[in-house]
Every structure is written in structure tokens, then in C-alpha cells.
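**Q** Enclosed is the structure file my_file-v5.txt (compact mmCIF, C-alpha atoms and all ligand atoms).
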```txt
# COMPACT_ATOMS: atom_id res chain seq x y z
CA MET A 11 9.56 154.64 -138.06
CA SER A 12 11.09 151.71 -139.99
CA ASP A 13 12.89 148.88 -138.10
CA GLY A 14 16.25 150.23 -139.38
CA ALA A 15 15.58 153.78 -138.15
CA ASP A 16 14.35 152.38 -134.85
CA HIS A 17 17.58 150.41 -134.43
CA ASP A 18 19.74 153.50 -135.28
CA GLU A 19 17.85 155.59 -132.73
CA ARG A 20 18.39 152.92 -130.02
CA LYS A 21 22.14 152.86 -130.84
CA ARG A 22 22.36 156.67 -130.60
CA GLN A 23 20.50 156.56 -127.27
CA LEU A 24 22.92 153.90 -125.96
CA GLU A 25 25.90 155.99 -127.05
CA ARG A 26 24.44 159.12 -125.33
CA GLU A 27 23.99 157.08 -122.11
CA ARG A 28 27.55 155.80 -122.36
CA GLN A 29 28.93 159.31 -122.86
CA ALA A 30 26.97 160.57 -119.84
CA PHE A 31 28.24 157.63 -117.75
CA ARG A 32 31.85 158.32 -118.79
CA ALA A 33 31.49 162.03 -117.97
CA SER A 34 30.44 161.37 -114.35
CA PRO A 35 33.13 162.30 -111.76
CA SER A 36 33.28 158.79 -110.25
CA TYR A 37 33.84 157.20 -113.64
CA ASP A 38 36.58 154.54 -113.76
CA PRO A 39 38.08 154.49 -117.29
CA SER A 40 40.03 151.24 -116.88
CA PRO A 41 37.25 148.80 -117.92
CA ALA A 42 36.62 150.77 -121.18
CA LYS A 43 40.34 150.88 -121.87
CA PHE A 44 40.60 147.15 -121.33
CA ARG A 45 37.71 146.51 -123.73
CA GLU A 46 39.28 148.64 -126.43
CA GLN A 47 42.56 146.76 -126.05
CA HIS A 48 40.87 143.34 -126.24
CA PRO A 49 38.37 143.52 -129.13
CA GLU A 50 38.96 139.82 -129.82
CA ASP A 51 37.48 138.72 -126.48
CA GLN A 52 33.86 138.46 -125.41
CA PHE A 53 33.77 142.09 -124.30
CA THR A 54 31.90 143.39 -127.38
CA GLY A 55 28.28 144.49 -127.87
CA SER A 56 25.90 144.67 -124.94
CA SER A 57 27.95 142.20 -122.82
CA GLY A 58 30.91 144.59 -123.24
CA VAL A 59 28.83 147.54 -122.05
CA LEU A 60 27.64 145.48 -119.11
CA PHE A 61 31.24 144.50 -118.25
CA GLU A 62 32.38 148.12 -118.50
CA GLN A 63 29.63 149.50 -116.29
CA ALA A 64 29.66 146.68 -113.73
CA MET A 65 33.45 146.80 -113.29
CA ALA A 66 33.49 150.57 -113.03
CA GLN A 67 30.69 150.77 -110.48
CA THR A 68 31.31 147.86 -108.14
CA ARG A 69 32.95 148.57 -104.80
CA MET A 70 34.48 145.12 -104.90
CA ALA A 71 38.12 145.04 -106.04
CA ILE A 72 38.35 142.98 -109.22
CA CYS A 73 41.19 141.89 -111.50
CA LEU A 74 41.69 139.66 -114.52
CA CYS A 75 44.92 137.70 -115.11
CA ASP A 76 45.96 136.24 -118.43
CA PRO A 77 47.04 132.57 -118.18
CA HIS A 78 48.46 132.68 -121.73
CA LEU A 79 51.14 135.19 -120.79
CA GLU A 80 54.38 134.45 -118.93
CA ASP A 81 53.72 134.22 -115.10
CA MET A 82 50.00 134.99 -115.51
CA PRO A 83 50.12 138.78 -115.13
CA ILE A 84 47.22 141.09 -114.27
CA VAL A 85 45.74 142.55 -117.48
CA PHE A 86 42.88 144.40 -115.86
CA ALA A 87 42.23 145.88 -112.41
CA ASN A 88 39.32 148.15 -111.53
CA ARG A 89 39.38 151.31 -109.43
CA ALA A 90 38.35 149.47 -106.23
CA PHE A 91 41.44 147.24 -106.65
CA ARG A 92 43.68 150.31 -106.93
CA GLU A 93 42.03 151.94 -103.91
CA LEU A 94 42.32 148.78 -101.80
CA THR A 95 46.00 148.15 -102.59
CA GLY A 96 47.18 151.76 -102.99
CA TYR A 97 48.99 151.00 -106.28
CA PRO A 98 48.47 153.07 -109.46
CA GLU A 99 47.44 151.22 -112.60
CA ASP A 100 50.89 151.26 -114.22
CA GLU A 101 52.34 149.45 -111.18
CA ILE A 102 49.65 146.76 -111.33
CA ILE A 103 49.22 145.80 -114.98
CA GLY A 104 51.79 143.25 -116.12
CA ARG A 105 52.59 141.88 -112.64
CA ASN A 106 51.55 138.61 -111.02
CA CYS A 107 49.21 139.20 -108.07
CA ARG A 108 51.76 137.72 -105.66
CA PHE A 109 53.29 141.23 -105.34
CA LEU A 110 50.55 141.78 -102.70
CA GLN A 111 52.05 139.10 -100.47
CA GLY A 112 54.70 139.66 -97.81
CA PRO A 113 56.61 138.03 -94.97
CA GLU A 114 53.51 137.33 -92.81
CA THR A 115 51.40 135.86 -95.60
CA ASP A 116 50.44 132.28 -94.78
CA ARG A 117 52.27 130.06 -97.31
CA SER A 118 49.70 127.27 -96.96
CA GLN A 119 47.00 129.61 -98.30
CA VAL A 120 49.28 130.58 -101.20
CA ALA A 121 49.83 126.87 -101.96
CA LYS A 122 46.06 126.33 -101.90
CA LEU A 123 45.69 129.13 -104.48
CA ARG A 124 48.50 127.74 -106.65
CA ASN A 125 46.90 124.26 -106.74
CA ALA A 126 43.42 125.61 -107.47
CA ILE A 127 44.73 127.75 -110.33
CA ARG A 128 46.65 124.78 -111.77
CA GLU A 129 43.44 122.68 -111.64
CA GLU A 130 41.34 125.59 -113.00
CA ASP A 131 39.15 125.35 -109.87
CA VAL A 132 37.17 128.13 -108.23
CA THR A 133 38.64 128.85 -104.80
CA VAL A 134 38.27 131.23 -101.86
CA VAL A 135 41.08 131.91 -99.40
CA GLU A 136 41.67 134.43 -96.64
CA LEU A 137 45.23 135.69 -96.57
CA LEU A 138 47.25 138.62 -95.37
CA ASN A 139 48.20 141.08 -98.13
CA TYR A 140 50.30 144.24 -98.15
CA ARG A 141 49.39 147.64 -99.56
CA ARG A 142 51.85 149.85 -101.42
CA ASP A 143 52.57 151.78 -98.17
CA GLY A 144 53.45 148.55 -96.34
CA SER A 145 50.26 148.38 -94.27
CA THR A 146 48.45 145.05 -94.23
CA PHE A 147 44.86 143.91 -94.76
CA TRP A 148 43.07 140.56 -94.63
CA ASN A 149 42.02 139.69 -98.14
CA ALA A 150 39.04 137.35 -98.69
CA LEU A 151 40.12 136.38 -102.18
CA HIS A 152 37.95 134.60 -104.71
CA VAL A 153 39.71 133.25 -107.81
CA GLY A 154 38.15 131.34 -110.70
CA PRO A 155 38.63 130.60 -114.41
CA ILE A 156 36.68 132.34 -117.22
CA TYR A 157 36.00 130.34 -120.41
CA ASN A 158 34.69 131.40 -123.82
CA GLU A 159 31.70 129.67 -125.43
CA ARG A 160 34.04 127.08 -126.98
CA GLY A 161 35.18 126.11 -123.48
CA GLN A 162 38.65 127.63 -123.91
CA LEU A 163 40.27 129.25 -120.89
CA LEU A 164 40.38 133.04 -121.41
CA TYR A 165 41.30 134.57 -118.06
CA PHE A 166 41.40 134.04 -114.35
CA PHE A 167 39.05 136.29 -112.44
CA GLY A 168 39.96 137.54 -108.96
CA SER A 169 37.86 139.50 -106.49
CA GLN A 170 39.41 140.93 -103.33
CA TRP A 171 37.45 141.92 -100.22
CA ASP A 172 39.03 143.55 -97.18
CA VAL A 173 37.78 141.54 -94.18
CA SER A 174 40.20 142.97 -91.58
CA ASP A 175 37.34 144.40 -89.47
CA VAL A 176 35.39 141.17 -89.58
CA ARG A 177 38.47 139.21 -88.47
CA ALA A 178 39.19 141.66 -85.63
CA ALA A 179 35.61 141.36 -84.40
CA ARG A 180 35.85 137.57 -84.64
CA ALA A 181 39.13 137.58 -82.67
CA GLU A 182 37.58 139.76 -79.96
CA GLU A 183 34.60 137.46 -79.67
CA LEU A 184 36.87 134.43 -79.41
CA TYR A 185 38.91 136.14 -76.69
CA ALA A 186 35.75 136.99 -74.73
CA ARG A 187 34.60 133.39 -75.03
CA ASP A 188 37.97 132.08 -73.80
CA MET A 189 37.81 134.42 -70.81
CA ALA A 190 34.25 133.36 -70.00
CA ARG A 191 35.25 129.69 -70.23
CA GLU A 192 38.21 130.28 -67.92
CA LEU A 193 36.02 132.17 -65.46
CA SER A 194 33.42 129.44 -65.44
CA HIS A 195 36.13 126.83 -64.91
CA ARG A 196 37.51 128.73 -61.92
CA MET A 197 34.05 129.25 -60.50
CA LYS A 198 33.30 125.51 -60.69
CA ASN A 199 36.62 124.82 -58.96
CA MET A 200 35.75 127.29 -56.25
CA PHE A 201 32.38 125.66 -55.61
CA SER A 202 33.96 122.20 -55.38
CA VAL A 203 36.61 123.48 -52.95
CA ILE A 204 33.85 124.99 -50.78
CA SER A 205 31.93 121.69 -50.92
CA GLY A 206 35.07 119.83 -49.90
CA ILE A 207 35.67 122.13 -46.92
CA VAL A 208 32.07 121.81 -45.76
CA ASN A 209 32.20 117.99 -46.02
CA ILE A 210 35.48 117.64 -44.14
CA THR A 211 34.44 120.08 -41.41
CA GLY A 212 31.06 118.32 -41.09
CA ARG A 213 32.75 114.94 -40.69
CA MET A 214 35.31 116.24 -38.20
CA ARG A 215 32.65 117.85 -36.03
CA GLY A 216 30.21 114.94 -36.35
CA VAL A 217 27.54 117.01 -38.10
CA GLU A 218 27.44 115.23 -41.48
CA SER A 219 23.75 115.78 -42.15
CA GLU A 220 24.02 119.55 -41.53
CA ALA A 221 27.08 119.62 -43.76
CA GLN A 222 25.14 117.76 -46.45
CA GLU A 223 22.33 120.35 -46.26
CA ILE A 224 24.80 123.21 -46.64
CA ASN A 225 26.48 121.41 -49.50
CA GLU A 226 23.24 121.05 -51.42
CA ARG A 227 22.72 124.80 -51.15
CA VAL A 228 26.25 125.53 -52.30
CA GLN A 229 25.76 123.23 -55.28
CA ALA A 230 22.44 124.87 -56.22
CA LEU A 231 24.22 128.22 -56.22
CA GLY A 232 26.97 126.77 -58.39
CA ARG A 233 24.45 125.51 -60.95
CA ALA A 234 22.71 128.90 -61.03
CA TYR A 235 25.98 130.51 -62.12
CA GLU A 236 27.09 127.75 -64.47
CA THR A 237 25.00 129.14 -67.27
CA THR A 238 26.99 132.34 -67.26
CA LEU A 239 29.64 130.81 -69.51
CA ASP A 240 28.82 132.93 -72.54
CA GLU A 241 27.44 135.83 -70.60
CA ALA A 242 30.20 136.63 -68.15
CA SER A 243 31.38 139.57 -70.20
CA SER A 244 27.95 141.19 -70.55
CA GLY A 245 27.21 141.37 -66.79
CA THR A 246 23.77 139.85 -67.33
CA ILE A 247 22.40 136.35 -67.35
CA GLU A 248 19.51 134.67 -69.16
CA VAL A 249 17.27 133.95 -66.20
CA GLY A 250 15.39 131.03 -67.80
CA GLN A 251 18.62 129.09 -68.29
CA SER A 252 19.62 129.74 -64.72
CA ILE A 253 16.23 128.61 -63.35
CA ARG A 254 16.37 125.43 -65.43
CA ALA A 255 19.93 124.68 -64.29
CA VAL A 256 19.08 125.04 -60.57
CA LEU A 257 16.02 122.81 -60.87
CA GLU A 258 17.54 120.24 -63.19
CA PRO A 259 18.26 117.64 -60.47
CA TYR A 260 14.62 117.83 -59.34
CA ASP A 261 13.12 117.33 -62.79
CA LEU A 262 11.46 113.96 -62.29
CA GLY A 263 10.05 113.56 -65.77
CA PRO A 264 7.37 114.99 -68.06
CA TRP A 265 4.69 117.15 -66.47
CA LYS A 266 6.39 117.17 -63.07
CA LEU A 267 8.04 120.51 -63.69
CA ASN A 268 6.80 123.14 -66.14
CA PHE A 269 8.48 126.37 -67.09
CA ARG A 270 6.69 129.44 -68.39
CA GLY A 271 8.73 132.54 -69.03
CA ASP A 272 10.08 134.80 -71.71
CA PRO A 273 13.74 135.12 -72.60
CA LEU A 274 14.90 137.74 -70.10
CA LYS A 275 18.36 139.00 -69.18
CA VAL A 276 18.81 139.97 -65.54
CA PRO A 277 21.77 141.37 -63.60
CA TYR A 278 24.27 138.78 -62.53
CA GLY A 279 23.70 139.26 -58.78
CA VAL A 280 19.98 138.41 -58.93
CA VAL A 281 20.97 134.80 -59.48
CA SER A 282 22.19 134.16 -55.89
CA GLY A 283 18.87 134.96 -54.23
CA LEU A 284 16.87 133.30 -56.95
CA GLY A 285 19.03 130.15 -57.02
CA LEU A 286 18.74 129.60 -53.26
CA THR A 287 14.99 130.32 -53.24
CA LEU A 288 14.31 127.75 -55.95
CA HIS A 289 16.55 125.17 -54.30
CA GLU A 290 14.72 125.45 -50.96
CA LEU A 291 11.29 125.38 -52.62
CA ALA A 292 12.28 122.31 -54.63
CA ALA A 293 13.65 120.53 -51.53
CA ASN A 294 10.41 121.26 -49.62
CA ALA A 295 8.28 120.14 -52.57
CA THR A 296 10.19 116.84 -52.63
CA ASN A 297 9.87 116.21 -48.88
CA TYR A 298 6.36 117.50 -48.12
CA GLY A 299 4.81 119.18 -51.18
CA ALA A 300 3.71 118.42 -54.73
CA TRP A 301 6.63 116.16 -55.59
CA SER A 302 6.05 113.97 -52.55
CA SER A 303 2.99 112.50 -54.30
CA GLU A 304 2.89 110.79 -57.67
CA ASP A 305 0.56 113.22 -59.46
CA GLY A 306 2.03 116.40 -58.09
CA GLU A 307 3.53 118.98 -60.37
CA VAL A 308 5.15 122.39 -60.16
CA CYS A 309 4.90 125.31 -62.53
CA VAL A 310 7.54 128.05 -62.49
CA ASP A 311 6.62 131.35 -64.15
CA TRP A 312 8.86 134.35 -64.55
CA ALA A 313 8.44 137.79 -66.07
CA GLU A 314 9.64 141.34 -65.77
CA LYS A 315 7.09 143.51 -63.89
CA THR A 316 6.88 147.01 -62.45
CA ARG A 317 6.28 147.23 -58.68
CA ASP A 318 6.10 150.66 -56.97
CA GLY A 319 7.65 152.22 -60.06
CA ARG A 320 10.62 149.81 -60.02
CA ARG A 321 11.48 147.11 -62.54
CA VAL A 322 11.50 143.72 -60.84
CA LEU A 323 11.88 140.08 -61.80
CA GLU A 324 8.79 138.24 -60.59
CA VAL A 325 9.04 134.49 -60.14
CA VAL A 326 5.93 132.48 -59.26
CA TRP A 327 6.28 128.94 -57.93
CA ALA A 328 2.94 127.08 -58.06
CA GLU A 329 2.44 123.53 -56.77
CA MET A 330 -0.50 121.37 -57.80
CA GLY A 331 -1.72 117.84 -57.19
CA GLY A 332 0.24 117.27 -54.00
CA PRO A 333 -1.04 116.24 -50.56
CA ALA A 334 -3.62 118.48 -48.87
CA VAL A 335 -1.83 121.60 -47.76
CA SER A 336 -2.12 123.71 -44.70
CA GLU A 337 -0.11 126.55 -43.29
CA PRO A 338 2.94 125.05 -41.59
CA PRO A 339 3.71 125.69 -37.94
CA SER A 340 4.87 129.24 -37.26
CA GLU A 341 8.45 128.17 -36.63
CA LYS A 342 10.09 128.28 -39.99
CA GLY A 343 12.71 125.81 -41.11
CA SER A 344 16.21 127.14 -41.69
CA GLY A 345 15.68 126.86 -45.47
CA ASN A 346 12.78 129.30 -45.43
CA ALA A 347 14.65 131.63 -43.08
CA ILE A 348 17.57 131.71 -45.53
CA ILE A 349 15.30 132.46 -48.48
CA ASP A 350 13.49 135.26 -46.66
CA ARG A 351 16.70 136.86 -45.55
CA MET A 352 18.36 136.59 -48.96
CA VAL A 353 15.38 138.00 -50.82
CA ARG A 354 14.81 140.90 -48.42
CA TYR A 355 18.53 141.70 -48.21
CA GLY A 356 18.49 142.02 -52.00
CA GLY A 357 15.61 144.54 -51.78
CA GLY A 358 13.04 141.98 -52.98
CA ASN A 359 9.93 140.47 -51.51
CA ILE A 360 8.51 136.99 -50.99
CA GLU A 361 4.95 135.91 -50.29
CA ARG A 362 3.61 132.40 -49.65
CA GLU A 363 0.00 131.27 -50.01
CA TRP A 364 -1.23 127.84 -48.98
CA LEU A 365 -3.99 127.39 -51.56
CA GLU A 366 -6.25 124.37 -51.84
CA GLN A 367 -4.32 122.97 -54.80
CA GLY A 368 -0.91 123.58 -53.29
CA LEU A 369 1.69 126.08 -52.18
CA ARG A 370 2.03 129.24 -54.27
CA VAL A 371 5.07 131.47 -53.76
CA CYS A 372 5.58 134.80 -55.43
CA ALA A 373 9.10 136.28 -55.14
CA THR A 374 10.33 139.51 -56.62
CA TYR A 375 13.92 140.63 -57.17
CA PRO A 376 14.72 144.24 -58.09
CA LEU A 377 16.32 144.64 -61.51
CA GLU A 378 17.70 148.06 -60.62
CA ASN A 379 19.11 149.63 -57.44
CA GLY A 380 18.98 146.38 -55.43
CA SER A 381 21.92 145.01 -53.45
CA PHE A 382 22.28 142.26 -56.04
CA SER A 383 21.44 144.15 -59.22
C1 LIG B 401 42.94 136.26 -110.78
C2 LIG B 401 43.92 136.11 -109.66
C3 LIG B 401 43.87 136.99 -108.61
C4 LIG B 401 44.76 136.88 -107.54
N1 LIG B 401 44.71 137.78 -106.53
C5 LIG B 401 45.58 137.67 -105.51
C6 LIG B 401 45.54 138.60 -104.44
O1 LIG B 401 44.73 139.51 -104.39
N2 LIG B 401 46.42 138.44 -103.44
C7 LIG B 401 47.33 137.42 -103.42
O2 LIG B 401 48.10 137.34 -102.47
N3 LIG B 401 47.40 136.53 -104.42
C8 LIG B 401 46.55 136.63 -105.45
N4 LIG B 401 46.59 135.71 -106.47
C9 LIG B 401 47.51 134.56 -106.38
C10 LIG B 401 48.87 134.76 -106.98
O3 LIG B 401 48.80 135.43 -108.19
C11 LIG B 401 49.54 133.40 -107.22
O4 LIG B 401 48.71 132.60 -108.04
C12 LIG B 401 49.82 132.67 -105.92
O5 LIG B 401 50.78 133.41 -105.20
C13 LIG B 401 50.34 131.24 -106.11
O6 LIG B 401 51.36 131.20 -107.03
P1 LIG B 401 52.94 131.30 -106.65
O7 LIG B 401 53.22 130.18 -105.70
O8 LIG B 401 53.62 131.14 -107.99
O9 LIG B 401 53.17 132.62 -106.04
C14 LIG B 401 45.73 135.81 -107.55
C15 LIG B 401 45.75 134.93 -108.61
C16 LIG B 401 44.86 135.06 -109.67
C17 LIG B 401 44.92 134.10 -110.81
```
How does this structure look as C-alpha cells?
**A**
Amino acid sequence: MSDGADHDERKRQLERERQAFRASPSYDPSPAKFREQHPEDQFTGSSGVLFEQAMAQTRMAICLCDPHLEDMPIVFANRAFRELTGYPEDEIIGRNCRFLQGPETDRSQVAKLRNAIREEDVTVVELLNYRRDGSTFWNALHVGPIYNERGQLLYFFGSQWDVSDVRAARAEELYARDMARELSHRMKNMFSVISGIVNITGRMRGVESEAQEINERVQALGRAYETTLDEASSGTIEVGQSIRAVLEPYDLGPWKLNFRGDPLKVPYGVVSGLGLTLHELAANATNYGAWSSEDGEVCVDWAEKTRDGRRVLEVVWAEMGGPAVSEPPSEKGSGNAIIDRMVRYGGGNIEREWLEQGLRVCATYPLENGSFS
């Protein structure tokens, strides 16, 4: 076949494809109509076919406005634009896009658009628009100039995207965050009021050191819950954050305290038992254990495990490098008694081993069907 015959065959093939495209039920005739009415523009040849097919197929609402006509009216709007706004073509063409605005449309966004258009800048705004039936939608609007190859301004291009759902989700998230912040604020207040009461009562009764001990426990509990700021609405808490917060005041520098655990969400209530356990262990480590000597260190491990067919949080506290350890006298200090009672009351378990290298404590907290979970 000669080059000429080859070219004719390609043209016929293109025409057949165009006919088939136009015959499909979802075909939007407005881009083709616009091309036919504007043969002087750049919408000829293959770029014209591309324009026609892209405009007809995209789900993004698109319009073109002519800056050479009085009040820059819309000269083209695709099907998605008509579906989004609810207006038929003959009520769109020839009007300035501001007919989509209404009483609640933010005038500062409109001014931003007006300035950008005057400067021939590309701009994106989010503004409230009104459909033909009066209902509203949030329009993420992109407007920009289109030039020909000689750099002359031909049209303004606008694409409209309904972001109402995205905005609603964003508003909900913001509300949840505000609530969580308020909750956390109240909780901190509550813990400081409790501390105040304990201090005053301790002073009045002449038992300051006991009051101080109780206060430290109350504060450890407060820190354990502080991390719930963003999580209050989910009912769970990231246990690693909570563990770190409780032990923060005891972190005496690099290598003194090591954490090993995976990101793990646990029920809110688990935190009380866990927070108090870690506080008592840390206080003991400071007074008699690993942290009472210069080289001592503590490693805290946590993981989800299955014990007797139940999901549990297992926390292992391992001390190393401290003074020689031996099993303490059988009478337990009040700290240990509190831990044991808290853990068992929550349906968990705690075991202590006095190993050569230091104390090792393994505590489990049920993640389901426990008093705290
Ligand atoms: C291509 C193009 C698309 C536009 N699309 C919208 C639109 O979807 N919604 C809207 O409220 N305004 C839209 N506008 C903005 C208005 O047409 C107008 O420029 C704006 O209201 C500022 O001018 P005014 O102060 O004279 O009303 C568009 C403007 C252009 C040039």
C-alpha cells in the first residue's frame, strides 16, 4: 500500500472509532458540539479528538469561559458539570459561573478568585455552591488561563470537584479531637485536685511522707492516661506510649531504660493496673534495684500473647547490672501489695523472679473479659 492509501485508511479507521464512541449510550455530545462551533481554536486534528474524548469521559466537572466576551460567560460545560449542578446546558452556556454562588458563599473566596482571574493566575479555592434545586455542595474549584501557541489568552479553564463528604469527615475528626482535648484537660485537672487533697490531708494529719507516696502513685496513673488525648474516642490506647509516659520521670539517660514492644492498642482500663505496676517497679529499682547502681539498666518488653486461650498483654520488666539480688523478706511492701491486688483484680497475673542479673517481673493483663478490659 502506498503512503497516501495508508494515510486514507488510518483516517477512515479514526472516523469509524469516532462514530462508535459517539454511538455509545454514555456519550456526551457537548465537547463535539463545542469543537464544531469553534473551528478557529486549537481544537482541530488529533488534539481536537483528544479534547472531545477526554471532556466527554472524565467524571470531573469541567467548563471553559471566554474572557473576550462580556462578563466572561461559560462557552463549554461537560456532562459532569451538568450532573453536579443540576442545570441543563441551555441554562449554563452564556452565563458567568457566579450563578452557582448563593447567600452562604464565602465572599473572601470569591474575591480570591476574582483577583486570580484578573492576574491570569492558576488558583484553587474551596467554596460553597448551589445546585439548581437549591441544595448546596462544597466545590473544590480549580481555575486557570489557557493560551494559544502565540501566548494569547484563549479561555479560562475551570474544574469543579464536590468535596462535601471530605469536608464532613474532616469536621467530624476535628470535633472528635476537640472532645478528646477537653477530656484530657478535665482528667489532668481531676488528677491535680486529687493530689491537692492528698497533700493537704497529709499535712493536716502529720503524715506528709505517706501522702507523698500516695501522690506519686496518683501522678503515675495520671501520666498513664495522658496519652489518651487522640484516642479517647476509640476506647483503646497505644500501650507503648502509655508505658513510656509512666516511666518518663525515671529515664536517667541512654541505656538506663530500654523499650522493646510492637505498636499495640489495648483497652483503656488496662492502663490503670499497668501504670501502677510500672510505677512501683520503677520506684523499687531506684531505691534498691538496677537504678540504684551506676551501671544498672532496665528493659521493658511488651507483646500480645495467648494464655489459657485468652488474649493477654504481657509486660516483662527485666533489671540488669544492679546490686546482687536476693529474694526480699516475705513481708511485702505496700507498693507490691497494691500491684498484686490491682493485677489480680483485673483478672491478670504477676510473677517475680530474683535472677542472678536482677529482678525479672512478668505481668499479664487480659485484653478481653477482664475487669479492666
Ligand atoms: C473558568 C471559571 C470557572 C469558574 N467556576 C466557578 C464555580 O464553579 N463556582 C463559582 O462559584 N465560581 C466560579 N467561577 C468564578 C466566577 O465566575 C467569578 O469569576 C467570581 O465570582 C469572581 O467574580 P465576581 O466578583 O465578578 O463575581 C469560575 C470562574 C472561571 C473563570
**Q** Pick out the residues sitting within 7 Å of Ala234 in chain A, and hand them over as number ranges by chain; count only C-alpha atoms, and ignore anything fewer than 6 positions along from it in its own chain.
**A** A: 252-253, 255-256, 281, 285
**Q** Counting only C-alpha atoms and all ligand atoms, which protein, DNA or RNA residues come within 7 Å of ligand LIG 401 (chain B), given as a PyMOL selection string?
**A** chain A and resi 73-75+82+106-108+110-111+120-121+123-124+127+137+139+149+151+153-154+166-170
**Q** Smallest atom-to-atom distance to Glu248 in chain A: which of A:Arg227, A:Lys275, A:Arg128, A:Arg321, using all atoms listed in the file?
**A**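 When distances to Glu248 in chain A are compared using all atoms listed in the file, the smallest one comes from A:Lys275.
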**Q** Between A:Gln47, A:Thr374, A:Thr287, A:Thr133, single out the one closest to Met352 in chain A, counting all atoms listed in the file.
**A** A:Thr287
**Q** Between CA of Leu94 in chain A and CA of His152 in chain A, what is the distance in Å, rounded to a tenth?
**A** 15.1 Å
**Q** Which residue out of A:Gln29, A:Ile348, A:Val280, A:Ala292 has the minimum interatomic distance to Glu258 in chain A when all atoms listed in the file are used?
**A**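 Among the listed residues, the smallest separation from Glu258 in chain A belongs to A:Ala292.
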**Q** Set the distance at 8 Å and use all atoms listed in the file: which residues neighbour Glu307 in chain A once local chain neighbours fewer than 5 positions away are removed? I'd like the list as a PyMOL selection string.
**A** chain A and resi 265-268+300-301+329-332
**Q** Could you turn the residues from that selection into a file that holds C-alpha atoms, as a short mmCIF file (atom, residue, chain, number, x, y, z; two decimals), keeping the file's coordinate frame?
**A**
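This went into again-v5.cif:
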```
data_model
loop_
_atom_site.label_atom_id
_atom_site.label_comp_id
_atom_site.auth_asym_id
_atom_site.auth_seq_id
_atom_site.Cartn_x
_atom_site.Cartn_y
_atom_site.Cartn_z
CA TRP A 265 4.69 117.15 -66.47
CA LYS A 266 6.39 117.17 -63.07
CA LEU A 267 8.04 120.51 -63.69
CA ASN A 268 6.80 123.14 -66.14
CA ALA A 300 3.71 118.42 -54.73
CA TRP A 301 6.63 116.16 -55.59
CA GLU A 329 2.44 123.53 -56.77
CA MET A 330 -0.50 121.37 -57.80
CA GLY A 331 -1.72 117.84 -57.19
CA GLY A 332 0.24 117.27 -54.00
#
```
**Q** Would you compute the distance between CA of Cys372 in chain A and CA of Pro277 in chain A? Give it in Å to one decimal.
**A**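 Atom-to-atom, CA of Cys372 in chain A to CA of Pro277 in chain A, that is 19.3 Å.
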**Q** Report the distance between CA of Leu284 in chain A and CA of Glu183 in chain A in Å, rounded to one decimal place.
**A** 29.1 Å
**Q** Kindly indicate which residue among A:Asp81, A:Asp305, A:Glu182, A:Glu366 lies nearest to Ala334 in chain A, using only C-alpha atoms for the distances.
**A** A:Glu366
**Q** Up to 12 Å from (21.5, 124.5, -52.3) in the file's coordinates: name the residues, counting all atoms listed in the file, as JSON, numbers by chain.
**A** {"A": [201, 205, 221, 222, 223, 224, 225, 226, 227, 228, 229, 230, 231, 232, 233, 234, 256, 257, 259, 260, 282, 283, 284, 285, 286, 287, 288, 289, 290, 291, 292, 293, 294, 345, 348, 349]}
**Q** Rank A:Lys21, A:Arg317, A:Arg28, A:Arg89 by their smallest atom-to-atom distance to Met70 in chain A, using all atoms listed in the file, and report the top residue only.
**A** A:Arg89
